[in-house]
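Containing mmCIF, C-alpha atoms and all ligand atoms: upload-v3.cif.
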```
data_run
#
loop_
_atom_site.group_PDB
_atom_site.id
_atom_site.type_symbol
_atom_site.label_atom_id
_atom_site.label_comp_id
_atom_site.auth_asym_id
_atom_site.auth_seq_id
_atom_site.Cartn_x
_atom_site.Cartn_y
_atom_site.Cartn_z
ATOM 1 C CA MET A 1 97.487 103.102 116.571
ATOM 2 C CA GLU A 2 97.816 105.374 113.534
ATOM 3 C CA ASN A 3 100.254 104.434 110.797
ATOM 4 C CA CYS A 4 100.686 100.909 112.069
ATOM 5 C CA LEU A 5 100.630 98.255 109.354
ATOM 6 C CA PHE A 6 99.192 95.476 111.511
ATOM 7 C CA CYS A 7 96.559 97.729 113.134
ATOM 8 C CA LYS A 8 95.486 98.730 109.603
ATOM 9 C CA ILE A 9 95.369 95.095 108.467
ATOM 10 C CA ASN A 10 93.311 94.219 111.562
ATOM 11 C CA GLN A 11 90.880 97.024 110.747
ATOM 12 C CA GLY A 12 90.644 95.982 107.084
ATOM 13 C CA GLU A 13 92.268 99.185 105.840
ATOM 14 C CA ILE A 14 95.110 97.252 104.189
ATOM 15 C CA PRO A 15 94.428 93.863 102.575
ATOM 16 C CA ALA A 16 96.112 90.689 103.784
ATOM 17 C CA GLU A 17 95.379 86.994 103.581
ATOM 18 C CA LYS A 18 93.801 86.277 106.965
ATOM 19 C CA VAL A 19 93.943 82.649 108.088
ATOM 20 C CA TYR A 20 92.470 83.213 111.564
ATOM 21 C CA ASP A 21 90.412 85.958 113.183
ATOM 22 C CA GLY A 22 89.603 85.624 116.875
ATOM 23 C CA GLU A 23 88.574 87.942 119.692
ATOM 24 C CA ASN A 24 92.053 89.129 120.655
ATOM 25 C CA VAL A 25 94.335 87.617 118.045
ATOM 26 C CA PHE A 26 94.430 87.274 114.265
ATOM 27 C CA ALA A 27 96.789 85.559 111.842
ATOM 28 C CA ILE A 28 97.838 86.304 108.263
ATOM 29 C CA LYS A 29 100.111 84.831 105.622
ATOM 30 C CA ASP A 30 103.493 86.565 105.564
ATOM 31 C CA ILE A 31 103.871 88.608 102.368
ATOM 32 C CA ASN A 32 107.505 87.460 101.965
ATOM 33 C CA PRO A 33 107.473 83.838 103.116
ATOM 34 C CA GLN A 34 110.705 82.324 104.410
ATOM 35 C CA ALA A 35 109.342 78.762 104.486
ATOM 36 C CA PRO A 36 106.527 76.828 102.750
ATOM 37 C CA VAL A 37 104.348 77.794 105.721
ATOM 38 C CA HIS A 38 105.021 81.285 107.085
ATOM 39 C CA LEU A 39 102.215 82.839 109.083
ATOM 40 C CA LEU A 40 102.162 85.813 111.435
ATOM 41 C CA ILE A 41 100.093 85.531 114.609
ATOM 42 C CA ILE A 42 99.279 88.994 115.863
ATOM 43 C CA PRO A 43 97.516 90.351 118.961
ATOM 44 C CA LYS A 44 94.860 92.942 118.068
ATOM 45 C CA LYS A 45 96.106 95.215 120.853
ATOM 46 C CA HIS A 46 98.887 97.485 119.635
ATOM 47 C CA LEU A 47 102.107 96.675 121.487
ATOM 48 C CA SER A 48 105.234 97.971 119.744
ATOM 49 C CA THR A 49 107.675 95.382 121.027
ATOM 50 C CA LEU A 50 107.699 92.366 123.334
ATOM 51 C CA LEU A 51 109.021 94.719 126.028
ATOM 52 C CA GLU A 52 105.564 96.332 126.271
ATOM 53 C CA ILE A 53 103.848 93.095 127.323
ATOM 54 C CA GLU A 54 102.368 93.419 130.818
ATOM 55 C CA ALA A 55 100.679 90.956 133.164
ATOM 56 C CA ALA A 56 97.254 91.986 131.810
ATOM 57 C CA ASP A 57 98.319 90.846 128.329
ATOM 58 C CA CYS A 58 99.343 87.350 129.379
ATOM 59 C CA GLU A 59 96.063 85.664 128.473
ATOM 60 C CA THR A 60 96.235 87.147 124.962
ATOM 61 C CA ILE A 61 99.880 86.181 124.588
ATOM 62 C CA GLY A 62 99.054 82.670 125.782
ATOM 63 C CA SER A 63 96.340 82.405 123.140
ATOM 64 C CA ILE A 64 98.970 83.181 120.472
ATOM 65 C CA PHE A 65 100.444 79.766 121.207
ATOM 66 C CA SER A 66 97.159 77.870 121.167
ATOM 67 C CA VAL A 67 96.324 79.540 117.832
ATOM 68 C CA ALA A 68 99.817 78.573 116.609
ATOM 69 C CA ASN A 69 99.131 74.956 117.591
ATOM 70 C CA ASP A 70 95.816 74.912 115.746
ATOM 71 C CA LEU A 71 97.274 76.511 112.617
ATOM 72 C CA ALA A 72 100.271 74.145 112.703
ATOM 73 C CA LYS A 73 98.086 71.046 113.140
ATOM 74 C CA GLU A 74 95.787 72.117 110.292
ATOM 75 C CA ARG A 75 98.886 72.166 108.087
ATOM 76 C CA LYS A 76 100.278 68.853 109.454
ATOM 77 C CA LEU A 77 103.260 70.649 110.968
ATOM 78 C CA ASP A 78 102.744 68.809 114.243
ATOM 79 C CA GLU A 79 104.237 65.803 112.453
ATOM 80 C CA SER A 80 107.151 67.540 110.693
ATOM 81 C CA GLY A 81 107.986 70.212 113.276
ATOM 82 C CA PHE A 82 107.617 73.952 113.238
ATOM 83 C CA ARG A 83 109.061 77.084 114.786
ATOM 84 C CA VAL A 84 107.394 80.035 116.536
ATOM 85 C CA VAL A 85 109.642 83.074 116.798
ATOM 86 C CA ALA A 86 109.297 86.757 117.682
ATOM 87 C CA ASN A 87 111.950 89.372 117.015
ATOM 88 C CA CYS A 88 112.289 92.132 119.631
ATOM 89 C CA GLY A 89 113.905 95.341 118.415
ATOM 90 C CA ALA A 90 115.663 96.326 115.207
ATOM 91 C CA GLY A 91 118.844 94.590 116.339
ATOM 92 C CA ALA A 92 116.982 91.275 116.397
ATOM 93 C CA GLY A 93 115.472 91.898 112.960
ATOM 94 C CA GLN A 94 112.103 93.391 113.961
ATOM 95 C CA SER A 95 110.829 95.494 111.070
ATOM 96 C CA VAL A 96 107.143 95.952 111.968
ATOM 97 C CA PHE A 97 106.678 97.558 115.368
ATOM 98 C CA HIS A 98 103.440 95.855 116.368
ATOM 99 C CA ILE A 99 104.286 92.555 117.981
ATOM 100 C CA HIS A 100 103.811 89.360 115.998
ATOM 101 C CA TYR A 101 104.886 85.748 116.211
ATOM 102 C CA HIS A 102 106.199 84.043 113.094
ATOM 103 C CA LEU A 103 104.977 80.461 112.576
ATOM 104 C CA LEU A 104 107.398 78.756 110.203
ATOM 105 C CA GLY A 105 107.304 75.209 108.906
ATOM 106 C CA GLY A 106 107.325 72.868 105.951
ATOM 107 C CA ARG A 107 111.097 72.681 105.610
ATOM 108 C CA ALA A 108 114.097 71.683 107.724
ATOM 109 C CA MET A 109 115.115 74.462 110.127
ATOM 110 C CA GLN A 110 118.646 75.513 110.986
ATOM 111 C CA TRP A 111 119.840 76.448 114.465
ATOM 112 C CA PRO A 112 120.899 78.971 115.590
ATOM 113 C CA PRO A 113 118.942 81.410 113.385
ATOM 114 C CA GLY A 114 121.186 84.019 111.767
HETATM 115 P P1 LIG B 1 109.723 91.218 111.606
HETATM 116 O O1 LIG B 1 110.852 91.524 110.636
HETATM 117 O O2 LIG B 1 110.033 90.161 112.617
HETATM 118 O O3 LIG B 1 109.208 92.499 112.227
HETATM 119 O O4 LIG B 1 108.563 90.603 110.734
HETATM 120 C C1 LIG B 1 107.723 91.393 109.934
HETATM 121 C C2 LIG B 1 107.143 90.483 108.898
HETATM 122 O O5 LIG B 1 106.046 91.137 108.314
HETATM 123 C C3 LIG B 1 108.116 90.135 107.763
HETATM 124 O O6 LIG B 1 108.290 88.721 107.704
HETATM 125 C C4 LIG B 1 107.421 90.692 106.523
HETATM 126 O O7 LIG B 1 107.587 89.887 105.379
HETATM 127 C C5 LIG B 1 105.968 90.747 106.973
HETATM 128 N N1 LIG B 1 105.151 91.742 106.290
HETATM 129 C C6 LIG B 1 105.469 93.023 105.998
HETATM 130 N N2 LIG B 1 104.440 93.634 105.377
HETATM 131 C C7 LIG B 1 103.444 92.717 105.301
HETATM 132 C C8 LIG B 1 102.114 92.734 104.760
HETATM 133 N N3 LIG B 1 101.592 93.836 104.182
HETATM 134 N N4 LIG B 1 101.375 91.599 104.823
HETATM 135 C C9 LIG B 1 101.896 90.482 105.393
HETATM 136 N N5 LIG B 1 103.129 90.404 105.927
HETATM 137 C C10 LIG B 1 103.898 91.505 105.878
HETATM 138 ZN ZN ZN B 2 99.572 98.346 115.672
#
```

Would you write the structure of this file as structure tokens?
Amino acid sequence: MENCLFCKINQGEIPAEKVYDGENVFAIKDINPQAPVHLLIIPKKHLSTLLEIEAADCETIGSIFSVANDLAKERKLDESGFRVVANCGAGAGQSVFHIHYHLLGGRAMQWPPG
């Protein structure tokens, strides 16, 4: 997808700190971290919002969570707790319209999120 930040990062056209690069999913450090660990786990397929996910995408979306587990365990977040969250739509705070899952950890979390 043209003019998409995360498609460009996936293709190496814009630099980012990649922490995982798999067949269908990659992960980067968030440029504006909201916790000591703040990673973005991103499917390589361009989907603008969670509403575009179809049955054929379910294996990829499932792998987001196994990648999240691996990244969390590598950082010892399995012991302290972590959060995986995705914002859908501007009203929920989505600012990049290529879906991504935030992995946050390393500090106490509040609930509900603002
Ligand atoms: P959201 O607001 O849920 O759409 O999340 C978008 C996230 O992308 C925010 O947490 C931003 O800090 C992050 N972000 C924006 N630009 C970049 C970039 N160039 N590299 C890494 N993370 C970015
Ligand atoms: Zn994209």

### Query
Using only C-alpha atoms and all ligand atoms, what are the residues with an atom within 7 Å of ligand LIG 1 (chain B), set out as a PyMOL selection string?
chain A and resi 5+16+28-33+86-87+93-97

### Message
Just want the residues within 6 Å of ligand ZN 2 (chain B), written as a PyMOL selection string, counting only C-alpha atoms and all ligand atoms.
### Response
chain A and resi 1+4+6-7+46+98

So what does the PyMOL selection byres (((chain A and resi 69-84) around 8) and not hetatm) actually pick up in this one, as an mmCIF file with C-alpha atoms, in the coordinates of the input?
```cif
data_model
loop_
_atom_site.group_PDB
_atom_site.id
_atom_site.type_symbol
_atom_site.label_atom_id
_atom_site.label_comp_id
_atom_site.auth_asym_id
_atom_site.auth_seq_id
_atom_site.Cartn_x
_atom_site.Cartn_y
_atom_site.Cartn_z
ATOM 1 C CA PHE A 65 100.444 79.766 121.207
ATOM 2 C CA SER A 66 97.159 77.870 121.167
ATOM 3 C CA VAL A 67 96.324 79.540 117.832
ATOM 4 C CA ALA A 68 99.817 78.573 116.609
ATOM 5 C CA VAL A 85 109.642 83.074 116.798
ATOM 6 C CA ALA A 86 109.297 86.757 117.682
ATOM 7 C CA TYR A 101 104.886 85.748 116.211
ATOM 8 C CA HIS A 102 106.199 84.043 113.094
ATOM 9 C CA LEU A 103 104.977 80.461 112.576
ATOM 10 C CA LEU A 104 107.398 78.756 110.203
ATOM 11 C CA GLY A 105 107.304 75.209 108.906
ATOM 12 C CA GLY A 106 107.325 72.868 105.951
#
```

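Remark: for Lys44 (chain A), the closest of the candidate residues A:Gln11, A:Asn3, A:Ala92, A:Trp111 is A:Gln11 (distances computed over all atoms listed in the file).
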
### Query
Distance CA of Ser63 (chain A)-CA of Val25 (chain A), one decimal place?
7.6 Å

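CA of Cys88 (chain A) lies 7.6 Å from CA of Leu51 (chain A).
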
### Task
Can you work out which one of A:Pro36, A:Pro112, A:Gly89, A:Pro43 has the shortest atom-to-atom distance to Glu59 (chain A), counting all atoms listed in the file?
A:Pro43

### From A:Leu40, A:Ala35, A:Ile64, A:Met109, residue lying nearest Ile9 (chain A) [all atoms listed in the file]
A:Leu40

### Task
Would you list the contacts of Asp57 (chain A) as a VMD selection string, taking every protein, DNA or RNA residue within 10 Å and counting all atoms listed in the file, but skipping same-chain residues closer than 4 positions in sequence?
chain A and resid 43 45 47 52 to 53 61 to 62

#### Entry: CA of Asn10 (chain A) to CA of Ala55 (chain A), distance in Å rounded to a single decimal
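Atom-to-atom, CA of Asn10 (chain A) to CA of Ala55 (chain A), that is 23.1 Å.
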
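For the residues A:Glu13, A:Ile99, A:Ala90, A:Gly22, ranking by smallest atom-to-atom distance to Ile42 (chain A) using all atoms listed in the file places A:Ile99 first.
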
### Query
Of the residues A:Ala108, A:Ile14, A:Leu50, A:Cys58, which is the one nearest to Val37 (chain A), using only C-alpha atoms?
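Of A:Ala108, A:Ile14, A:Leu50, A:Cys58, the one nearest Val37 (chain A), counting only C-alpha atoms, is A:Ala108.
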
Box time for region 54-66 of chain A: axis-aligned, enclosing all its listed atoms, 4 Å extra on each side; report centre and edge lengths in Å to one decimal, as AutoDock Vina command-line options.
```
--center_x 99.2 --center_y 85.6 --center_z 126.8 --size_x 14.3 --size_y 23.5 --size_z 20.7
```

Could I get region 82-102 of chain A rebuilt with N, CA, C and O atoms, written as a PDB file, in the frame of the given file?
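As a result, result15.pdb now contains:
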```pdb
ATOM      1  N   PHE A  82     107.804  72.553 113.635  1.00  0.00           N
ATOM      2  CA  PHE A  82     107.617  73.952 113.238  1.00  0.00           C
ATOM      3  C   PHE A  82     108.307  74.847 114.246  1.00  0.00           C
ATOM      4  O   PHE A  82     108.751  74.391 115.315  1.00  0.00           O
ATOM      5  N   ARG A  83     108.403  76.113 113.908  1.00  0.00           N
ATOM      6  CA  ARG A  83     109.061  77.084 114.786  1.00  0.00           C
ATOM      7  C   ARG A  83     108.137  78.284 114.996  1.00  0.00           C
ATOM      8  O   ARG A  83     107.513  78.751 114.040  1.00  0.00           O
ATOM      9  N   VAL A  84     108.091  78.780 116.228  1.00  0.00           N
ATOM     10  CA  VAL A  84     107.394  80.035 116.536  1.00  0.00           C
ATOM     11  C   VAL A  84     108.451  80.988 117.062  1.00  0.00           C
ATOM     12  O   VAL A  84     109.175  80.656 118.008  1.00  0.00           O
ATOM     13  N   VAL A  85     108.571  82.158 116.417  1.00  0.00           N
ATOM     14  CA  VAL A  85     109.642  83.074 116.798  1.00  0.00           C
ATOM     15  C   VAL A  85     109.135  84.522 116.737  1.00  0.00           C
ATOM     16  O   VAL A  85     108.316  84.870 115.890  1.00  0.00           O
ATOM     17  N   ALA A  86     109.621  85.324 117.672  1.00  0.00           N
ATOM     18  CA  ALA A  86     109.297  86.757 117.682  1.00  0.00           C
ATOM     19  C   ALA A  86     110.597  87.543 117.808  1.00  0.00           C
ATOM     20  O   ALA A  86     111.432  87.225 118.666  1.00  0.00           O
ATOM     21  N   ASN A  87     110.771  88.512 116.964  1.00  0.00           N
ATOM     22  CA  ASN A  87     111.950  89.372 117.015  1.00  0.00           C
ATOM     23  C   ASN A  87     111.624  90.606 117.857  1.00  0.00           C
ATOM     24  O   ASN A  87     110.577  91.225 117.666  1.00  0.00           O
ATOM     25  N   CYS A  88     112.516  90.954 118.765  1.00  0.00           N
ATOM     26  CA  CYS A  88     112.289  92.132 119.631  1.00  0.00           C
ATOM     27  C   CYS A  88     113.368  93.168 119.374  1.00  0.00           C
ATOM     28  O   CYS A  88     114.528  92.971 119.767  1.00  0.00           O
ATOM     29  N   GLY A  89     112.968  94.251 118.683  1.00  0.00           N
ATOM     30  CA  GLY A  89     113.905  95.341 118.415  1.00  0.00           C
ATOM     31  C   GLY A  89     114.602  95.179 117.071  1.00  0.00           C
ATOM     32  O   GLY A  89     114.749  94.065 116.546  1.00  0.00           O
ATOM     33  N   ALA A  90     115.025  96.323 116.532  1.00  0.00           N
ATOM     34  CA  ALA A  90     115.663  96.326 115.207  1.00  0.00           C
ATOM     35  C   ALA A  90     116.900  95.439 115.180  1.00  0.00           C
ATOM     36  O   ALA A  90     117.178  94.764 114.185  1.00  0.00           O
ATOM     37  N   GLY A  91     117.631  95.396 116.292  1.00  0.00           N
ATOM     38  CA  GLY A  91     118.844  94.590 116.339  1.00  0.00           C
ATOM     39  C   GLY A  91     118.581  93.105 116.198  1.00  0.00           C
ATOM     40  O   GLY A  91     119.470  92.347 115.815  1.00  0.00           O
ATOM     41  N   ALA A  92     117.362  92.690 116.532  1.00  0.00           N
ATOM     42  CA  ALA A  92     116.982  91.275 116.397  1.00  0.00           C
ATOM     43  C   ALA A  92     116.246  91.019 115.083  1.00  0.00           C
ATOM     44  O   ALA A  92     115.777  89.904 114.845  1.00  0.00           O
ATOM     45  N   GLY A  93     116.113  92.073 114.262  1.00  0.00           N
ATOM     46  CA  GLY A  93     115.472  91.898 112.960  1.00  0.00           C
ATOM     47  C   GLY A  93     114.016  92.310 112.923  1.00  0.00           C
ATOM     48  O   GLY A  93     113.337  92.071 111.916  1.00  0.00           O
ATOM     49  N   GLN A  94     113.505  92.942 114.002  1.00  0.00           N
ATOM     50  CA  GLN A  94     112.103  93.391 113.961  1.00  0.00           C
ATOM     51  C   GLN A  94     111.974  94.547 112.981  1.00  0.00           C
ATOM     52  O   GLN A  94     112.735  95.523 113.061  1.00  0.00           O
ATOM     53  N   SER A  95     111.030  94.428 112.056  1.00  0.00           N
ATOM     54  CA  SER A  95     110.829  95.494 111.070  1.00  0.00           C
ATOM     55  C   SER A  95     109.437  96.109 111.158  1.00  0.00           C
ATOM     56  O   SER A  95     109.226  97.223 110.675  1.00  0.00           O
ATOM     57  N   VAL A  96     108.488  95.400 111.750  1.00  0.00           N
ATOM     58  CA  VAL A  96     107.143  95.952 111.968  1.00  0.00           C
ATOM     59  C   VAL A  96     106.952  96.077 113.478  1.00  0.00           C
ATOM     60  O   VAL A  96     107.018  95.074 114.208  1.00  0.00           O
ATOM     61  N   PHE A  97     106.698  97.302 113.927  1.00  0.00           N
ATOM     62  CA  PHE A  97     106.678  97.558 115.368  1.00  0.00           C
ATOM     63  C   PHE A  97     105.261  97.482 115.940  1.00  0.00           C
ATOM     64  O   PHE A  97     104.742  98.427 116.527  1.00  0.00           O
ATOM     65  N   HIS A  98     104.673  96.325 115.722  1.00  0.00           N
ATOM     66  CA  HIS A  98     103.440  95.855 116.368  1.00  0.00           C
ATOM     67  C   HIS A  98     103.724  94.363 116.532  1.00  0.00           C
ATOM     68  O   HIS A  98     103.963  93.674 115.528  1.00  0.00           O
ATOM     69  N   ILE A  99     103.725  93.891 117.763  1.00  0.00           N
ATOM     70  CA  ILE A  99     104.286  92.555 117.981  1.00  0.00           C
ATOM     71  C   ILE A  99     103.556  91.479 117.182  1.00  0.00           C
ATOM     72  O   ILE A  99     102.351  91.578 116.912  1.00  0.00           O
ATOM     73  N   HIS A 100     104.314  90.465 116.810  1.00  0.00           N
ATOM     74  CA  HIS A 100     103.811  89.360 115.998  1.00  0.00           C
ATOM     75  C   HIS A 100     104.729  88.175 116.190  1.00  0.00           C
ATOM     76  O   HIS A 100     105.926  88.336 116.452  1.00  0.00           O
ATOM     77  N   TYR A 101     104.149  87.002 116.039  1.00  0.00           N
ATOM     78  CA  TYR A 101     104.886  85.748 116.211  1.00  0.00           C
ATOM     79  C   TYR A 101     104.877  85.037 114.864  1.00  0.00           C
ATOM     80  O   TYR A 101     103.810  84.774 114.308  1.00  0.00           O
ATOM     81  N   HIS A 102     106.070  84.760 114.356  1.00  0.00           N
ATOM     82  CA  HIS A 102     106.199  84.043 113.094  1.00  0.00           C
ATOM     83  C   HIS A 102     105.976  82.550 113.363  1.00  0.00           C
ATOM     84  O   HIS A 102     106.599  81.986 114.274  1.00  0.00           O
TER      85      HIS A 102
END
```
